Structures are given as C-alpha cells and as structure tokens.
>>> print(open('data-v6.txt').read())   # compact mmCIF, C-alpha atoms
# COMPACT_ATOMS: atom_id res chain seq x y z
CA MET A 1 0.00 0.00 0.00
CA ILE A 2 1.42 3.36 -1.08
CA ARG A 3 1.68 5.78 1.83
CA THR A 4 1.02 9.39 0.84
CA LEU A 5 1.78 12.45 2.96
CA ILE A 6 -0.17 15.65 2.24
CA PRO A 7 0.78 18.63 4.45
CA ILE A 8 -2.07 21.13 4.83
CA ALA A 9 -2.34 24.58 6.37
CA ASP A 10 -4.74 27.54 6.27
CA GLY A 11 -5.18 28.75 2.71
CA CYS A 12 -4.50 25.41 1.00
CA GLU A 13 -6.70 24.91 -2.06
CA GLU A 14 -9.52 22.59 -0.96
CA ILE A 15 -10.32 21.09 -4.37
CA GLU A 16 -6.66 20.15 -4.89
CA THR A 17 -6.41 18.73 -1.36
CA VAL A 18 -9.63 16.73 -1.50
CA VAL A 19 -9.49 15.51 -5.12
CA VAL A 20 -6.00 14.12 -4.52
CA ALA A 21 -6.81 12.53 -1.12
CA ASP A 22 -10.10 10.97 -2.28
CA THR A 23 -8.74 9.75 -5.63
CA LEU A 24 -5.63 8.15 -4.07
CA ARG A 25 -7.76 6.50 -1.35
CA ARG A 26 -9.93 5.03 -4.12
CA ALA A 27 -6.75 3.29 -5.30
CA GLY A 28 -6.49 1.70 -1.84
CA TRP A 29 -3.62 3.96 -0.75
CA ASP A 30 -2.96 5.18 2.78
CA VAL A 31 -3.29 8.98 2.62
CA VAL A 32 -2.54 11.24 5.59
CA LEU A 33 -3.60 14.91 5.64
CA ALA A 34 -0.92 16.26 7.98
CA GLY A 35 -1.73 19.50 9.81
CA LEU A 36 1.22 21.89 10.04
CA ARG A 37 -0.37 23.51 13.08
CA GLY A 38 -1.52 20.38 14.88
CA ILE A 39 -4.94 18.92 14.29
CA ALA A 40 -6.70 22.28 14.51
CA PRO A 41 -9.18 22.68 11.63
CA VAL A 42 -7.62 24.14 8.50
CA THR A 43 -9.58 26.90 6.75
CA ALA A 44 -8.84 26.30 3.08
CA SER A 45 -8.61 28.98 0.38
CA ARG A 46 -12.38 29.08 -0.30
CA LYS A 47 -13.28 28.70 3.38
CA VAL A 48 -13.98 24.96 3.49
CA LYS A 49 -12.89 23.77 6.94
CA ILE A 50 -10.96 20.49 6.95
CA ILE A 51 -9.71 18.59 10.00
CA PRO A 52 -6.23 17.08 9.46
CA ASP A 53 -5.81 13.33 10.03
CA ALA A 54 -2.66 13.83 12.12
CA ARG A 55 -0.18 16.38 13.36
CA TRP A 56 2.87 16.78 11.10
CA GLU A 57 5.18 16.46 14.14
CA GLU A 58 3.86 13.05 15.20
CA LEU A 59 4.45 11.34 11.86
CA ASP A 60 7.34 9.11 10.81
CA LEU A 61 7.93 11.19 7.70
CA LEU A 62 10.34 8.77 6.09
CA SER A 63 7.79 5.94 6.24
CA PHE A 64 5.92 7.63 3.37
CA ASP A 65 6.39 6.74 -0.30
CA LEU A 66 5.02 9.94 -1.75
CA LEU A 67 4.79 13.60 -0.69
CA VAL A 68 2.03 15.67 -2.33
CA LEU A 69 1.80 19.44 -1.93
CA PRO A 70 -1.57 21.10 -2.62
CA GLY A 71 -1.59 24.70 -3.84
CA GLY A 72 -3.50 27.78 -2.76
CA SER A 73 -1.41 30.87 -2.03
CA GLY A 74 -1.79 30.79 1.77
CA GLY A 75 -1.11 27.06 1.96
CA THR A 76 1.91 27.37 -0.31
CA LYS A 77 3.33 30.18 1.84
CA ALA A 78 3.12 27.81 4.84
CA LEU A 79 4.89 25.05 2.85
CA CYS A 80 7.66 27.53 1.95
CA GLU A 81 8.09 28.77 5.52
CA HIS A 82 7.85 25.44 7.39
CA ASP A 83 11.39 24.15 8.03
CA GLY A 84 10.18 20.56 8.45
CA VAL A 85 8.37 20.56 5.11
CA GLN A 86 11.34 22.17 3.36
CA GLU A 87 13.73 19.60 4.84
CA THR A 88 11.39 16.73 3.95
CA ILE A 89 11.20 17.92 0.32
CA ARG A 90 15.02 17.87 0.15
CA ILE A 91 15.29 14.43 1.78
CA PHE A 92 12.61 12.93 -0.48
CA ASP A 93 14.42 14.33 -3.51
CA ILE A 94 17.83 13.02 -2.39
CA GLU A 95 16.27 9.58 -1.80
CA GLU A 96 14.55 9.85 -5.22
CA LYS A 97 11.13 9.36 -3.64
CA ARG A 98 8.30 10.86 -5.64
CA ILE A 99 7.08 14.38 -4.86
CA GLY A 100 3.93 15.92 -6.36
CA ALA A 101 3.08 19.63 -6.34
CA ILE A 102 0.12 21.41 -7.93
CA CYS A 103 -0.92 25.01 -8.63
CA ALA A 104 1.17 27.42 -6.51
CA ALA A 105 2.89 24.59 -4.59
CA PRO A 106 5.78 24.08 -7.07
CA LEU A 107 7.00 27.33 -5.45
CA ALA A 108 7.71 25.30 -2.29
CA LEU A 109 9.85 22.93 -4.39
CA HIS A 110 11.67 25.93 -5.88
CA LYS A 111 12.26 27.28 -2.36
CA ALA A 112 13.72 23.91 -1.32
CA GLY A 113 16.04 24.03 -4.33
CA VAL A 114 14.85 20.79 -5.93
CA LEU A 115 13.27 22.31 -9.07
CA LYS A 116 16.57 23.57 -10.47
CA GLY A 117 17.17 22.19 -13.95
CA ARG A 118 13.85 20.31 -13.90
CA ALA A 119 10.92 20.60 -16.30
CA PHE A 120 7.76 21.66 -14.45
CA THR A 121 4.37 23.28 -14.61
CA CYS A 122 2.38 25.34 -12.08
CA TYR A 123 -0.55 27.79 -11.92
CA PRO A 124 0.03 30.31 -14.74
CA GLY A 125 2.03 33.25 -13.41
CA VAL A 126 3.52 31.45 -10.40
CA GLU A 127 6.66 30.74 -12.45
CA LYS A 128 7.45 34.47 -12.31
CA GLU A 129 7.95 34.18 -8.54
CA MET A 130 10.69 31.66 -9.39
CA ARG A 131 12.10 33.99 -12.05
CA ARG A 132 11.57 31.27 -14.61
CA SER A 133 9.89 31.46 -18.01
CA ASP A 134 10.04 27.77 -18.92
CA ARG A 135 6.72 26.66 -17.37
CA SER A 136 5.18 23.85 -19.43
CA GLY A 137 1.60 24.29 -20.66
CA GLU A 138 0.85 20.59 -20.03
CA PRO A 139 -1.66 19.65 -17.27
CA VAL A 140 0.94 17.36 -15.65
CA VAL A 141 4.73 17.33 -16.06
CA ILE A 142 6.99 14.51 -14.84
CA ASP A 143 10.74 15.06 -14.44
CA ARG A 144 12.31 12.03 -12.77
CA ASN A 145 10.75 11.86 -9.27
CA ILE A 146 9.01 15.24 -9.43
CA VAL A 147 5.42 15.52 -10.72
CA THR A 148 3.85 18.98 -11.12
CA SER A 149 0.42 20.13 -12.22
CA GLN A 150 -1.46 23.38 -12.94
CA GLY A 151 -4.49 23.91 -10.73
CA PRO A 152 -7.84 22.69 -9.36
CA GLY A 153 -9.10 21.75 -12.82
CA THR A 154 -6.09 19.47 -13.43
CA ALA A 155 -6.24 17.76 -10.01
CA PHE A 156 -7.95 14.60 -11.30
CA VAL A 157 -5.38 14.13 -14.09
CA PHE A 158 -2.58 14.78 -11.56
CA ALA A 159 -3.90 12.23 -9.03
CA LEU A 160 -4.60 9.61 -11.70
CA LYS A 161 -1.05 10.07 -13.07
CA LEU A 162 0.36 9.44 -9.59
CA ILE A 163 -1.64 6.18 -9.41
CA GLU A 164 -0.36 5.20 -12.86
CA LEU A 165 3.26 5.86 -11.84
CA PHE A 166 3.07 3.57 -8.81
CA ASP A 167 0.40 1.01 -9.72
CA GLY A 168 0.25 1.07 -13.52
CA ALA A 169 -2.20 2.27 -16.15
CA ASP A 170 -4.86 -0.39 -15.46
CA ALA A 171 -5.14 0.62 -11.79
CA ALA A 172 -5.45 4.29 -12.77
CA GLU A 173 -8.06 3.47 -15.40
CA LYS A 174 -10.12 1.53 -12.85
CA VAL A 175 -10.17 4.53 -10.48
CA ARG A 176 -10.92 6.89 -13.38
CA ASN A 177 -13.95 4.80 -14.34
CA GLY A 178 -15.24 4.78 -10.76
CA LEU A 179 -14.98 8.56 -10.65
CA ILE A 180 -16.85 8.91 -13.98
CA TYR A 181 -13.97 11.11 -15.11
CA MET B 182 -25.44 37.18 -4.69
CA ILE B 183 -26.81 33.67 -5.20
CA ARG B 184 -27.32 31.86 -1.88
CA THR B 185 -26.61 28.13 -2.10
CA LEU B 186 -27.55 25.55 0.51
CA ILE B 187 -25.58 22.28 0.58
CA PRO B 188 -26.72 19.78 3.25
CA ILE B 189 -23.93 17.43 4.33
CA ALA B 190 -23.81 14.34 6.53
CA ASP B 191 -21.43 11.45 7.21
CA GLY B 192 -20.73 9.57 4.00
CA CYS B 193 -21.25 12.50 1.62
CA GLU B 194 -18.82 12.42 -1.30
CA GLU B 195 -16.08 14.91 -0.44
CA ILE B 196 -15.00 15.71 -4.01
CA GLU B 197 -18.59 16.52 -5.01
CA THR B 198 -19.11 18.61 -1.84
CA VAL B 199 -15.87 20.56 -2.12
CA VAL B 200 -15.70 21.04 -5.91
CA VAL B 201 -19.22 22.50 -5.87
CA ALA B 202 -18.68 24.72 -2.80
CA ASP B 203 -15.29 26.05 -3.97
CA THR B 204 -16.38 26.59 -7.60
CA LEU B 205 -19.59 28.44 -6.63
CA ARG B 206 -17.66 30.60 -4.13
CA ARG B 207 -15.27 31.52 -6.95
CA ALA B 208 -18.34 32.97 -8.69
CA GLY B 209 -18.84 35.20 -5.64
CA TRP B 210 -21.82 33.19 -4.36
CA ASP B 211 -22.75 32.67 -0.71
CA VAL B 212 -22.44 28.92 -0.11
CA VAL B 213 -23.42 27.28 3.19
CA LEU B 214 -22.41 23.70 4.03
CA ALA B 215 -25.28 22.82 6.37
CA GLY B 216 -24.64 20.01 8.86
CA LEU B 217 -27.61 17.68 9.31
CA ARG B 218 -26.28 16.71 12.74
CA GLY B 219 -25.26 20.14 13.96
CA ILE B 220 -21.78 21.46 13.36
CA ALA B 221 -20.08 18.23 14.38
CA PRO B 222 -17.38 17.29 11.84
CA VAL B 223 -18.70 15.23 8.94
CA THR B 224 -16.64 12.20 7.92
CA ALA B 225 -17.08 12.07 4.16
CA SER B 226 -17.11 8.90 2.03
CA ARG B 227 -13.31 8.70 1.66
CA LYS B 228 -12.70 9.81 5.26
CA VAL B 229 -11.97 13.49 4.70
CA LYS B 230 -13.32 15.33 7.76
CA ILE B 231 -15.22 18.54 6.97
CA ILE B 232 -16.70 20.99 9.49
CA PRO B 233 -20.11 22.33 8.41
CA ASP B 234 -20.54 26.12 8.19
CA ALA B 235 -23.85 26.03 10.08
CA ARG B 236 -26.45 23.73 11.59
CA TRP B 237 -29.32 22.89 9.21
CA GLU B 238 -31.84 23.78 11.96
CA GLU B 239 -30.58 27.33 12.43
CA LEU B 240 -30.88 28.36 8.78
CA ASP B 241 -33.67 30.31 7.10
CA LEU B 242 -34.03 27.66 4.41
CA LEU B 243 -36.30 29.70 2.17
CA SER B 244 -33.75 32.53 1.97
CA PHE B 245 -31.68 30.32 -0.35
CA ASP B 246 -31.86 30.47 -4.15
CA LEU B 247 -30.39 27.05 -4.83
CA LEU B 248 -30.27 23.67 -3.08
CA VAL B 249 -27.40 21.35 -4.06
CA LEU B 250 -27.24 17.74 -2.91
CA PRO B 251 -23.84 16.01 -3.00
CA GLY B 252 -23.75 12.22 -3.48
CA GLY B 253 -21.97 9.43 -1.68
CA SER B 254 -24.13 6.53 -0.53
CA GLY B 255 -24.04 7.36 3.21
CA GLY B 256 -24.70 11.04 2.61
CA THR B 257 -27.55 10.27 0.21
CA LYS B 258 -29.15 7.92 2.76
CA ALA B 259 -29.15 10.82 5.25
CA LEU B 260 -30.74 13.13 2.62
CA CYS B 261 -33.45 10.51 2.01
CA GLU B 262 -34.15 9.99 5.72
CA HIS B 263 -34.06 13.62 6.92
CA ASP B 264 -37.61 14.99 7.02
CA GLY B 265 -36.43 18.61 6.81
CA VAL B 266 -34.36 17.96 3.69
CA GLN B 267 -37.19 16.01 2.05
CA GLU B 268 -39.66 18.81 2.82
CA THR B 269 -37.24 21.46 1.56
CA ILE B 270 -36.79 19.59 -1.74
CA ARG B 271 -40.58 19.58 -2.22
CA ILE B 272 -40.95 23.27 -1.31
CA PHE B 273 -38.07 24.32 -3.61
CA ASP B 274 -39.67 22.34 -6.43
CA ILE B 275 -43.15 23.82 -5.87
CA GLU B 276 -41.61 27.31 -5.85
CA GLU B 277 -39.63 26.40 -8.99
CA LYS B 278 -36.35 27.21 -7.28
CA ARG B 279 -33.37 25.38 -8.72
CA ILE B 280 -32.23 22.08 -7.18
CA GLY B 281 -28.99 20.31 -8.10
CA ALA B 282 -28.18 16.68 -7.28
CA ILE B 283 -25.12 14.64 -8.26
CA CYS B 284 -24.04 10.98 -8.15
CA ALA B 285 -26.33 9.02 -5.77
CA ALA B 286 -28.17 12.15 -4.59
CA PRO B 287 -30.86 12.14 -7.33
CA LEU B 288 -32.22 9.26 -5.21
CA ALA B 289 -33.17 11.87 -2.56
CA LEU B 290 -35.11 13.77 -5.26
CA HIS B 291 -36.83 10.52 -6.27
CA LYS B 292 -37.71 9.87 -2.61
CA ALA B 293 -39.22 13.37 -2.37
CA GLY B 294 -41.29 12.65 -5.47
CA VAL B 295 -39.95 15.52 -7.57
CA LEU B 296 -38.15 13.43 -10.21
CA LYS B 297 -41.34 11.90 -11.61
CA GLY B 298 -41.63 12.57 -15.32
CA ARG B 299 -38.33 14.43 -15.39
CA ALA B 300 -35.23 13.71 -17.46
CA PHE B 301 -32.26 13.05 -15.18
CA THR B 302 -28.86 11.46 -14.76
CA CYS B 303 -27.08 9.94 -11.74
CA TYR B 304 -24.19 7.60 -10.87
CA PRO B 305 -24.56 4.58 -13.17
CA GLY B 306 -26.69 1.93 -11.45
CA VAL B 307 -28.38 4.28 -8.97
CA GLU B 308 -31.36 4.56 -11.37
CA LYS B 309 -32.18 0.91 -10.55
CA GLU B 310 -32.98 1.93 -6.97
CA MET B 311 -35.61 4.21 -8.51
CA ARG B 312 -36.83 1.39 -10.77
CA ARG B 313 -36.08 3.57 -13.77
CA SER B 314 -34.16 2.73 -16.92
CA ASP B 315 -34.19 6.17 -18.55
CA ARG B 316 -31.00 7.58 -16.98
CA SER B 317 -29.29 9.94 -19.43
CA GLY B 318 -25.63 9.31 -20.26
CA GLU B 319 -24.89 13.07 -20.31
CA PRO B 320 -22.59 14.55 -17.59
CA VAL B 321 -25.30 17.09 -16.66
CA VAL B 322 -29.04 17.01 -17.37
CA ILE B 323 -31.38 19.99 -16.90
CA ASP B 324 -35.15 19.52 -16.69
CA ARG B 325 -36.82 22.81 -15.79
CA ASN B 326 -35.54 23.66 -12.28
CA ILE B 327 -33.80 20.32 -11.63
CA VAL B 328 -30.14 19.83 -12.56
CA THR B 329 -28.57 16.37 -12.14
CA SER B 330 -25.06 15.05 -12.72
CA GLN B 331 -23.17 11.74 -12.65
CA GLY B 332 -20.32 11.66 -10.15
CA PRO B 333 -17.07 13.16 -8.78
CA GLY B 334 -15.55 13.41 -12.24
CA THR B 335 -18.49 15.51 -13.53
CA ALA B 336 -18.60 17.85 -10.51
CA PHE B 337 -16.76 20.71 -12.26
CA VAL B 338 -19.10 20.62 -15.27
CA PHE B 339 -22.10 20.45 -12.89
CA ALA B 340 -20.95 23.45 -10.81
CA LEU B 341 -20.04 25.50 -13.89
CA LYS B 342 -23.46 24.76 -15.42
CA LEU B 343 -25.13 26.05 -12.24
CA ILE B 344 -23.13 29.29 -12.54
CA GLU B 345 -24.12 29.57 -16.21
CA LEU B 346 -27.83 29.10 -15.37
CA PHE B 347 -27.85 31.94 -12.83
CA ASP B 348 -25.10 34.30 -14.01
CA GLY B 349 -24.65 33.49 -17.70
CA ALA B 350 -22.02 31.81 -19.86
CA ASP B 351 -19.40 34.57 -19.49
CA ALA B 352 -19.42 34.30 -15.69
CA ALA B 353 -19.06 30.51 -15.89
CA GLU B 354 -16.24 30.84 -18.43
CA LYS B 355 -14.36 33.23 -16.15
CA VAL B 356 -14.53 30.78 -13.24
CA ARG B 357 -13.57 27.89 -15.56
CA ASN B 358 -10.46 29.79 -16.68
CA GLY B 359 -9.47 30.51 -13.07
CA LEU B 360 -9.75 26.81 -12.24
CA ILE B 361 -7.62 25.83 -15.29
CA TYR B 362 -10.43 23.44 -16.21
>>> encode(input="data-v6.txt", output="structure tokens")
Amino acid sequence: MIRTLIPIADGCEEIETVVVADTLRRAGWDVVLAGLRGIAPVTASRKVKIIPDARWEELDLLSFDLLVLPGGSGGTKALCEHDGVQETIRIFDIEEKRIGAICAAPLALHKAGVLKGRAFTCYPGVEKEMRRSDRSGEPVVIDRNIVTSQGPGTAFVFALKLIELFDGADAAEKVRNGLIY
Amino acid sequence: MIRTLIPIADGCEEIETVVVADTLRRAGWDVVLAGLRGIAPVTASRKVKIIPDARWEELDLLSFDLLVLPGGSGGTKALCEHDGVQETIRIFDIEEKRIGAICAAPLALHKAGVLKGRAFTCYPGVEKEMRRSDRSGEPVVIDRNIVTSQGPGTAFVFALKLIELFDGADAAEKVRNGLIY
C-alpha cells in the first residue's frame, strides 16, 4: 500500500487537497492529511474547513512513499516557511522518492532548491515568482521523481497520473472509471 | 449574490461537496455547508473530515436560491431519511427554485417525489434503486428547475453549469479559466 503524505495549512486549495486525497484513497492507498499547526481545523482557500488526520510532528515522515503538496497561495506560503516541510522535500528528492506539487505549490519545491534544472508546470504566473519562463503548458509534467500540475481543474489528471506511476495504467483506469472522469 | 444551501452528513462524497462549494464561491456566491447533525465534523465517504458552516436547523431555508445535494451513498441515505431535507426539496420544487443533485443524490429527489416525469442522470446503477431505466448518459441534465449530474468526475461541469444558469455563460467561463479546467 502506497503511503502518501499531504501537508495542509490555512489557505490550502480545498479542491486540490480533497481531489487528490479521495482519488488516491480510491486506489487503496494510505493517505494522511498532515496538519502543520496540529490537528486544529484548516480553513482552506475558499473557506472549506478540513480537520487534518494527524499532526505533522507526530508522523514518521520517512515511512511515506510519496509527498504531495496542494496549492493555494496561503497554503503554499506555509509550505515555503515550514522548516520541516522544506527539509522533507530535500530528503525525499535526495532519496529519489516521488514528490507531487500542484498550482502554486511548485514554489515550495523551488524554495527547497529541488526544481533547479527540472521541467515543471504550475498555476500560470507562479513561475514568475521563481524567475523562470520555462513553465510547461501541459496539465501534468513529470521530471524524474518530481510531478507537477497546474491547478484545481487538473487535479484529477494529476492524481490519476500518480496512481499510474506507482500502480500502472490499469489501476489508474479503474479509479478513473469509478470517478466517472 | 446567489445563496446556495448544501446539506452534508457522514458519507457524503467529499469531491462533489468541495468542488461544488469552492467553484460556486469563486463565482462570488454565498455557499453554506449545512450540517444535518449540527456542526459536528462530517466524515465524508473517503474519510476526509469537513466541518459544516452552520447547523441545518438554524438556517432560514427559504432565503436560499439554490439547493445542491452532494452524493456518496451514506450522505444520500441521510438526505433521504431527513424529514427537513425532504420537505425542503418539495418546497423548492413547488416554488420552482433550482435544485442540483449529483451521483447518488438524485435518489433523494426521487424519494421526495420531484423526479417523476423528469429527465435526469445519476451515478450509473443508482437509477435501478428508482426502478427507472431512462437515466441519461450526459454529464449534466437539466429539466426545468432540476439539474442532475453523474459523479465526482463531472462535478466541475455540474458546478459550472449552475453558474451559467444563474449568471450566464461569461461568468461561468471566467470561473472555468481561473480553475484551469
């Protein structure tokens, strides 16, 4: 069973958070929404209130196979400023574990220094904050262990691609059919 | 500002709940996630925990312009069994206010008696519980004031169609662009 770690904080984009968590759980994966400020409810970017599954601090971070970063400008700011998240991004990258980031969240990968020399995509305009002009226009971009995507409307394609990468195309297709996507 | 009422209970489908709430809020609408068991956290179908915005009982139900019912089998069962929801469906229909239902939730419309003689869609197979064989294969079906849709993967199209019906195609297109959908 693939263990997926999704750090969430106030201002995370709720569609990106929930589409990824739900879709990966439909594949039978263990998905943990990890609160960066304990298990206090997170108020997402469009005011949906989500209770994290666990506190970030209590988790054995290296027991996870996949780290996924949802976007939303407030949530991404928290991912950029949280030392533990930044360190975990670097460790996952060194260990060549897969990391996903969608919408504004590739900025947190840039901040951690792991996006250098990599192909990527993000929410249009966010690349300027990285002083880069080579954002791909594809919904999902894979460069070795790093998978990036554009925004809420590409969250299904992003999550299904993650399932395909770990479990193969048939597993992803089965989940896609169940979603009526 | 369009006021939208979304009743939620344990077992509601979290993608359908959150994609609709977030997308309609992006259109500037007032969206209330109304807890059928107070403001206790709702554990959705794939275990995402969502805190309702308000208790169903405390709301002025007739102040809303639109009622949207998310699917998920547990959530739909609650919508079918809750007298207040069933009565509100009937009143909205009599007053020709718009009602949306996605996935399994058209079953709650069937239970309330408002789907009789109407074209509809739902999650494939759910029509059997209504003893009907005339489910449409379209992602979204509109019959007068009732708008139905198929499942998590059609939630964006469903929400954008609701925006189009109230605010016009340009408003829906603007939200669609912002979502990168």
>>> closest_residue(input="data-v6.txt", among="B:Val249, B:Leu243, B:Ile231, B:Val307", to="chain A", atoms="all atoms listed in the file")
B:Ile231
>>> closest_residue(input="data-v6.txt", among="B:Glu277, B:Glu239, B:Asp203, B:Glu197", to="chain A", atoms="all atoms listed in the file")
B:Asp203
>>> interface_residues(input="data-v6.txt", of="chain A", to="chain B", cutoff="10 Å", atoms="all atoms listed in the file", output="number ranges by chain")
A: 13-26, 31-33, 41-53, 103, 123-124, 139, 150-156, 176-181
>>> atom_distance(input="data-v6.txt", atom1="atom CA of A:Cys12", atom2="atom CA of A:Gly71")
5.7 Å
>>> atom_distance(input="data-v6.txt", atom1="atom CA of A:Arg98", atom2="atom CA of A:Asp10")
24.3 Å
>>> calpha_fit_and_write(input="data-v6.txt", fixed="chain A", moving="chain B", output="short mmCIF file (atom, residue, chain, number, x, y, z; two decimals) with C-alpha atoms, in the frame of the given file")
data_model
loop_
_atom_site.label_atom_id
_atom_site.label_comp_id
_atom_site.auth_asym_id
_atom_site.auth_seq_id
_atom_site.Cartn_x
_atom_site.Cartn_y
_atom_site.Cartn_z
CA MET B 182 -0.01 0.00 -0.01
CA ILE B 183 1.42 3.36 -1.09
CA ARG B 184 1.69 5.79 1.85
CA THR B 185 1.02 9.39 0.85
CA LEU B 186 1.78 12.44 2.97
CA ILE B 187 -0.17 15.65 2.24
CA PRO B 188 0.78 18.63 4.45
CA ILE B 189 -2.07 21.12 4.83
CA ALA B 190 -2.34 24.58 6.37
CA ASP B 191 -4.74 27.53 6.28
CA GLY B 192 -5.17 28.74 2.72
CA CYS B 193 -4.49 25.41 1.01
CA GLU B 194 -6.69 24.90 -2.05
CA GLU B 195 -9.50 22.60 -0.94
CA ILE B 196 -10.31 21.11 -4.36
CA GLU B 197 -6.66 20.15 -4.90
CA THR B 198 -6.40 18.72 -1.35
CA VAL B 199 -9.62 16.73 -1.49
CA VAL B 200 -9.50 15.52 -5.12
CA VAL B 201 -6.01 14.12 -4.52
CA ALA B 202 -6.80 12.54 -1.12
CA ASP B 203 -10.10 10.98 -2.27
CA THR B 204 -8.73 9.75 -5.63
CA LEU B 205 -5.62 8.15 -4.07
CA ARG B 206 -7.76 6.50 -1.35
CA ARG B 207 -9.93 5.03 -4.12
CA ALA B 208 -6.74 3.29 -5.29
CA GLY B 209 -6.50 1.71 -1.84
CA TRP B 210 -3.61 3.95 -0.75
CA ASP B 211 -2.97 5.18 2.79
CA VAL B 212 -3.29 8.98 2.62
CA VAL B 213 -2.56 11.24 5.60
CA LEU B 214 -3.61 14.91 5.64
CA ALA B 215 -0.92 16.25 7.98
CA GLY B 216 -1.73 19.49 9.82
CA LEU B 217 1.21 21.88 10.03
CA ARG B 218 -0.38 23.49 13.09
CA GLY B 219 -1.51 20.36 14.88
CA ILE B 220 -4.95 18.92 14.28
CA ALA B 221 -6.70 22.28 14.51
CA PRO B 222 -9.18 22.68 11.63
CA VAL B 223 -7.63 24.14 8.50
CA THR B 224 -9.58 26.90 6.75
CA ALA B 225 -8.84 26.29 3.08
CA SER B 226 -8.62 28.99 0.38
CA ARG B 227 -12.38 29.08 -0.32
CA LYS B 228 -13.28 28.69 3.37
CA VAL B 229 -13.99 24.97 3.49
CA LYS B 230 -12.90 23.77 6.94
CA ILE B 231 -10.97 20.48 6.95
CA ILE B 232 -9.71 18.59 10.01
CA PRO B 233 -6.23 17.09 9.48
CA ASP B 234 -5.81 13.33 10.04
CA ALA B 235 -2.66 13.82 12.13
CA ARG B 236 -0.17 16.39 13.35
CA TRP B 237 2.88 16.77 11.09
CA GLU B 238 5.17 16.45 14.15
CA GLU B 239 3.85 13.05 15.20
CA LEU B 240 4.43 11.33 11.86
CA ASP B 241 7.33 9.11 10.82
CA LEU B 242 7.92 11.19 7.70
CA LEU B 243 10.34 8.77 6.08
CA SER B 244 7.79 5.93 6.24
CA PHE B 245 5.93 7.63 3.38
CA ASP B 246 6.40 6.74 -0.29
CA LEU B 247 5.01 9.95 -1.74
CA LEU B 248 4.78 13.61 -0.70
CA VAL B 249 2.02 15.67 -2.34
CA LEU B 250 1.79 19.43 -1.93
CA PRO B 251 -1.58 21.08 -2.62
CA GLY B 252 -1.60 24.70 -3.84
CA GLY B 253 -3.49 27.78 -2.76
CA SER B 254 -1.41 30.86 -2.04
CA GLY B 255 -1.79 30.78 1.77
CA GLY B 256 -1.12 27.06 1.96
CA THR B 257 1.92 27.37 -0.32
CA LYS B 258 3.33 30.18 1.84
CA ALA B 259 3.11 27.83 4.84
CA LEU B 260 4.89 25.06 2.85
CA CYS B 261 7.66 27.53 1.95
CA GLU B 262 8.07 28.77 5.53
CA HIS B 263 7.86 25.45 7.41
CA ASP B 264 11.38 24.15 8.05
CA GLY B 265 10.19 20.55 8.46
CA VAL B 266 8.38 20.56 5.12
CA GLN B 267 11.34 22.17 3.36
CA GLU B 268 13.72 19.60 4.85
CA THR B 269 11.39 16.73 3.95
CA ILE B 270 11.21 17.92 0.32
CA ARG B 271 15.03 17.87 0.15
CA ILE B 272 15.30 14.43 1.79
CA PHE B 273 12.60 12.93 -0.48
CA ASP B 274 14.43 14.33 -3.50
CA ILE B 275 17.84 13.01 -2.39
CA GLU B 276 16.28 9.58 -1.81
CA GLU B 277 14.55 9.85 -5.21
CA LYS B 278 11.15 9.36 -3.64
CA ARG B 279 8.30 10.85 -5.64
CA ILE B 280 7.07 14.38 -4.87
CA GLY B 281 3.92 15.91 -6.36
CA ALA B 282 3.08 19.62 -6.34
CA ILE B 283 0.12 21.41 -7.93
CA CYS B 284 -0.94 25.01 -8.62
CA ALA B 285 1.18 27.41 -6.50
CA ALA B 286 2.90 24.59 -4.59
CA PRO B 287 5.79 24.09 -7.06
CA LEU B 288 7.00 27.33 -5.45
CA ALA B 289 7.72 25.30 -2.27
CA LEU B 290 9.85 22.93 -4.39
CA HIS B 291 11.67 25.93 -5.88
CA LYS B 292 12.27 27.29 -2.36
CA ALA B 293 13.73 23.91 -1.32
CA GLY B 294 16.04 24.03 -4.33
CA VAL B 295 14.85 20.79 -5.93
CA LEU B 296 13.27 22.31 -9.06
CA LYS B 297 16.57 23.57 -10.48
CA GLY B 298 17.15 22.18 -13.95
CA ARG B 299 13.85 20.32 -13.91
CA ALA B 300 10.93 20.60 -16.32
CA PHE B 301 7.79 21.67 -14.45
CA THR B 302 4.38 23.28 -14.62
CA CYS B 303 2.38 25.35 -12.10
CA TYR B 304 -0.55 27.79 -11.93
CA PRO B 305 0.02 30.31 -14.74
CA GLY B 306 2.03 33.26 -13.41
CA VAL B 307 3.51 31.45 -10.40
CA GLU B 308 6.66 30.73 -12.46
CA LYS B 309 7.44 34.48 -12.31
CA GLU B 310 7.95 34.18 -8.54
CA MET B 311 10.68 31.67 -9.40
CA ARG B 312 12.09 34.00 -12.06
CA ARG B 313 11.56 31.27 -14.63
CA SER B 314 9.90 31.46 -18.02
CA ASP B 315 10.03 27.77 -18.94
CA ARG B 316 6.72 26.67 -17.38
CA SER B 317 5.19 23.86 -19.45
CA GLY B 318 1.61 24.29 -20.67
CA GLU B 319 0.85 20.59 -20.04
CA PRO B 320 -1.67 19.65 -17.27
CA VAL B 321 0.94 17.36 -15.65
CA VAL B 322 4.72 17.33 -16.07
CA ILE B 323 7.00 14.52 -14.84
CA ASP B 324 10.74 15.05 -14.44
CA ARG B 325 12.31 12.01 -12.78
CA ASN B 326 10.76 11.86 -9.28
CA ILE B 327 9.00 15.25 -9.44
CA VAL B 328 5.42 15.52 -10.73
CA THR B 329 3.85 18.98 -11.12
CA SER B 330 0.41 20.13 -12.22
CA GLN B 331 -1.46 23.38 -12.94
CA GLY B 332 -4.49 23.92 -10.74
CA PRO B 333 -7.85 22.69 -9.36
CA GLY B 334 -9.10 21.76 -12.81
CA THR B 335 -6.08 19.47 -13.43
CA ALA B 336 -6.23 17.77 -10.01
CA PHE B 337 -7.95 14.61 -11.31
CA VAL B 338 -5.38 14.12 -14.08
CA PHE B 339 -2.57 14.78 -11.56
CA ALA B 340 -3.90 12.24 -9.03
CA LEU B 341 -4.59 9.62 -11.71
CA LYS B 342 -1.05 10.07 -13.08
CA LEU B 343 0.36 9.44 -9.59
CA ILE B 344 -1.64 6.19 -9.40
CA GLU B 345 -0.37 5.20 -12.86
CA LEU B 346 3.27 5.86 -11.84
CA PHE B 347 3.07 3.57 -8.80
CA ASP B 348 0.40 1.00 -9.71
CA GLY B 349 0.25 1.07 -13.51
CA ALA B 350 -2.19 2.28 -16.15
CA ASP B 351 -4.86 -0.38 -15.46
CA ALA B 352 -5.13 0.63 -11.79
CA ALA B 353 -5.44 4.30 -12.76
CA GLU B 354 -8.06 3.46 -15.40
CA LYS B 355 -10.13 1.55 -12.85
CA VAL B 356 -10.17 4.52 -10.47
CA ARG B 357 -10.92 6.89 -13.38
CA ASN B 358 -13.95 4.79 -14.34
CA GLY B 359 -15.22 4.78 -10.75
CA LEU B 360 -14.98 8.57 -10.64
CA ILE B 361 -16.86 8.92 -13.98
CA TYR B 362 -13.97 11.11 -15.13
#
>>> closest_residue(input="data-v6.txt", among="A:Lys128, A:His82, A:Lys97, A:Lys111", to="A:Val147", atoms="only C-alpha atoms")
A:Lys97
>>> atom_distance(input="data-v6.txt", atom1="atom CA of B:Cys303", atom2="atom CA of B:Ile272")
21.9 Å
>>> residues_around(input="data-v6.txt", residues="A:Asn145", least_positions_apart="2", cutoff="12 Å", atoms="only C-alpha atoms", output="list in words")
Asp65, Leu66, Leu67, Val68, Ile89, Arg90, Phe92, Asp93, Ile94, Glu95, Glu96, Lys97, Arg98, Ile99, Gly100, Ala101, Val114, Leu115, Arg118, Ala119, Phe120, Val141, Ile142, Asp143, Val147, Thr148, Leu162, Leu165 and Phe166 of chain A
